[in-house]
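Reading through the structure tokens given below for one structure.
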Amino acid sequence: MSDAATLESFRLADSFLPVGTYTVSYGLEQFIQDDRVDDAADLEALLSTYLRRQVGPAELVALRAAHAAATDGNLEAVCRADQRLSAVTLAAEFRESAKQSGDRLLSLQTDLCDEALLDRYAERVAADEAPGNYAVVLGVATALADVAVRDACLLCCHGFVTGLLGAAQRLLSLGHTDAQRILNDLQPVITAAVEESADRGIDEMTPFAPLVDVLAAEHERAERRLFAS
């Protein structure tokens with residue numbers, strides 16, 4: 001990648017990026033409330049499940065499709081990937097969180113970048129003709145910045161894991177060293193999720209994490225919630 005593309009990938013991976021991912025736990029809060037995650041080992045196992053069963057087979061497939069479509073200037077294909085990702089995401093809170101984060105990233109990118117495809121995509125999202133999921137917006141943004149698709153997938157996984165580790169530090173007695181150890185130990189899982197997503201088309205998005213979906217539904221009805229999901 002060029003220096004500009006590398007620096008753009010760093011910016012998009014930065015927790016300083018104002019897209020609201022710090023407000024979501026993707027069900028982790030409910031796992032902790034139900035005493036299913038008590039320590040760093042439990043957390044690492046859950047994050048591994050998320051990567052292998054949900055992020056890889058769904059978000060990364062959508063990201064790849066959006067990246068390829070944006071590279072070709074094919075807005076219709078971007079929207080198809082976007083709609084398909086929403087269709088296979090069962091948990092209502094997950095869909096809403098992905099749309100909110102995606103909307104913020106899309107708004108940010110249209111402000112920063114002079115790209116006709118981004119502007120046209122934003123118009124489709126504003127007209128409710130596409131949901132604007134975060135993974136799809138990220139795929140478009142990285143493609144237009146000449147960030148390689150594999151690097152974009154790694155970036156997506158890294159951001160997902162660091163976001164949930166940040167949530168865990170607020171929900172568990174998880175120290176910074178433990179958080180970094182989990183992030184380091186999950187590197188092979190992240191790599192595997194990225195590689196396995198490469199051979200899937202949008203009709204092969206098959207997330208399968210039933211317990212995650214069940215607890216996400218419970219979280220929607222929880223009386224006290226620190227996180228939006």
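Residue numbers start at 1 in each chain; chains themselves are named A, B, ... in the order of the structure tokens; ligands are numbered from 1 in the order shown.
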
Please provide as JSON, numbers by chain all residues within 8 Å of region 12-29 of chain A, with the sequence filter that same-chain residues fewer than 3 positions apart are discarded (counting only C-alpha atoms). {"A": [8, 9, 32, 33, 93, 94, 97, 100, 101, 102, 104, 105, 155, 156, 158, 159, 163, 164, 166, 167, 168, 171, 212, 215, 216, 219, 225, 226, 227, 228, 229]}

Can you write out the residues you just picked, keeping C-alpha atoms, as a JSON list (two decimals), in the first residue's frame?
[["chain", "number", "residue", "atom", "x", "y", "z"],
["A", 8, "GLU", "CA", -5.83, 6.06, 6.18],
["A", 9, "SER", "CA", -6.08, 2.51, 7.48],
["A", 32, "ILE", "CA", -21.58, -10.96, 31.94],
["A", 33, "GLN", "CA", -24.93, -10.26, 33.63],
["A", 93, "GLU", "CA", -29.81, -4.39, 18.56],
["A", 94, "PHE", "CA", -26.94, -5.59, 16.39],
["A", 97, "SER", "CA", -25.83, -0.59, 16.21],
["A", 100, "GLN", "CA", -25.74, 3.85, 13.65],
["A", 101, "SER", "CA", -21.99, 3.30, 13.48],
["A", 102, "GLY", "CA", -22.17, 3.02, 9.71],
["A", 104, "ARG", "CA", -21.52, 8.10, 11.50],
["A", 105, "LEU", "CA", -18.65, 6.68, 9.48],
["A", 155, "LEU", "CA", -8.72, -3.64, 10.30],
["A", 156, "CYS", "CA", -12.39, -4.55, 10.79],
["A", 158, "HIS", "CA", -9.05, -5.48, 15.05],
["A", 159, "GLY", "CA", -11.58, -2.72, 15.61],
["A", 163, "GLY", "CA", -14.07, -2.31, 20.96],
["A", 164, "LEU", "CA", -15.29, -5.31, 22.94],
["A", 166, "GLY", "CA", -12.87, -1.72, 25.93],
["A", 167, "ALA", "CA", -16.41, -2.70, 26.88],
["A", 168, "ALA", "CA", -15.08, -5.58, 28.97],
["A", 171, "LEU", "CA", -17.92, -4.50, 32.77],
["A", 212, "VAL", "CA", -25.22, -14.81, 21.05],
["A", 215, "LEU", "CA", -28.69, -13.24, 24.81],
["A", 216, "ALA", "CA", -28.86, -10.25, 22.48],
["A", 219, "HIS", "CA", -30.47, -7.63, 26.41],
["A", 225, "ARG", "CA", -28.26, -1.43, 30.36],
["A", 226, "LEU", "CA", -24.92, 0.32, 30.13],
["A", 227, "PHE", "CA", -24.54, -0.42, 26.42],
["A", 228, "ALA", "CA", -26.85, -0.04, 23.43],
["A", 229, "SER", "CA", -26.28, -3.68, 22.49]]

**Prompt:** Counting only C-alpha atoms, what is within 10 Å of Cys153 (chain A), bar same-chain residues fewer than 5 positions away, as a PyMOL selection string?
**Reply:** chain A and resi 55-56+59-61+63-64+67+135+138-139+142+148+158-159+190-191+193-195+197-198

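Distances from A:Glu123, A:Asp178, A:Asp203, A:Asp146 to Ala68 (chain A) were compared using only C-alpha atoms, and the smallest one belongs to A:Asp146.
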
inquiry  = List the spatial neighbours of Glu204 (chain A) as a list of chain:residue names - criterion: any atom at most 9 Å away, only C-alpha atoms, same-chain residues fewer than 2 positions off excluded.
reply    =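 The contact residues come out as A:Pro57, A:Ala58, A:Val61, A:Arg200, A:Gly201, A:Ile202, A:Thr206.
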
Output N, CA, C and O atoms for every residue in the selection just made, as a compact mmCIF listing (two decimals), in the first residue's frame.
# COMPACT_ATOMS: atom_id res chain seq x y z
N PRO A 57 -18.11 -14.91 8.89
CA PRO A 57 -19.09 -15.36 7.90
C PRO A 57 -20.10 -14.30 7.46
O PRO A 57 -20.85 -14.53 6.53
N ALA A 58 -20.14 -13.16 8.12
CA ALA A 58 -21.13 -12.14 7.76
C ALA A 58 -20.47 -10.80 7.45
O ALA A 58 -20.39 -10.38 6.30
N VAL A 61 -17.61 -10.90 4.87
CA VAL A 61 -18.11 -11.21 3.53
C VAL A 61 -18.74 -9.95 2.91
O VAL A 61 -18.50 -9.63 1.74
N ARG A 200 -16.29 -16.64 0.05
CA ARG A 200 -17.74 -16.55 0.18
C ARG A 200 -18.29 -15.37 -0.62
O ARG A 200 -17.72 -14.28 -0.59
N GLY A 201 -19.42 -15.60 -1.27
CA GLY A 201 -20.17 -14.51 -1.89
C GLY A 201 -21.26 -14.06 -0.94
O GLY A 201 -21.48 -14.67 0.11
N ILE A 202 -22.00 -13.01 -1.32
CA ILE A 202 -22.99 -12.47 -0.38
C ILE A 202 -24.13 -13.46 -0.12
O ILE A 202 -24.77 -13.39 0.93
N THR A 206 -23.35 -16.70 6.29
CA THR A 206 -24.00 -17.68 7.17
C THR A 206 -23.52 -17.54 8.60
O THR A 206 -22.88 -18.44 9.15

- [ ] Would you list, as a PyMOL selection string, the residues of region 16-207 of chain A that end up in helix (DSSP H, G or I) under DSSP run on this structure's backbone?
- [x] chain A and resi 21-23+28-33+40-72+75-88+92-112+116-126+134-144+149-171+176-185+187-197+202-204

*To one decimal place, how far is CA of Arg53 (chain A) from CA of Phe160 (chain A) in Å?*
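If I compute the distance from CA of Arg53 (chain A) to CA of Phe160 (chain A), I get 13.6 Å.
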
Please list as a ChimeraX atom specification every residue within 12 Å of Ala77 (chain A), counting only C-alpha atoms and excluding residues in the same chain fewer than 5 positions away. /A:62-72,82-84,117,121,130,136,140,201-202

Hey, can you spit out that residue selection with C-alpha atoms as a tab-separated table (two decimals), in the first residue's frame?
chain	number	residue	atom	x	y	z
A	62	ALA	CA	-20.14	-8.00	3.22
A	63	LEU	CA	-17.02	-5.88	3.56
A	64	ARG	CA	-15.28	-7.81	0.78
A	65	ALA	CA	-18.29	-7.49	-1.51
A	66	ALA	CA	-18.58	-3.75	-0.84
A	67	HIS	CA	-14.86	-3.26	-1.36
A	68	ALA	CA	-14.95	-5.04	-4.73
A	69	ALA	CA	-18.09	-3.17	-5.79
A	70	ALA	CA	-16.67	0.22	-4.81
A	71	THR	CA	-13.46	-0.54	-6.69
A	72	ASP	CA	-15.60	-1.19	-9.78
A	82	ASP	CA	-25.59	-3.94	2.54
A	83	GLN	CA	-29.13	-5.30	2.37
A	84	ARG	CA	-27.96	-8.89	2.59
A	117	LEU	CA	-19.60	7.10	-5.05
A	121	TYR	CA	-24.24	5.84	-1.42
A	130	ALA	CA	-29.74	0.83	1.85
A	136	VAL	CA	-20.21	-2.13	4.25
A	140	VAL	CA	-16.40	1.27	0.52
A	201	GLY	CA	-20.17	-14.51	-1.89
A	202	ILE	CA	-22.99	-12.47	-0.38
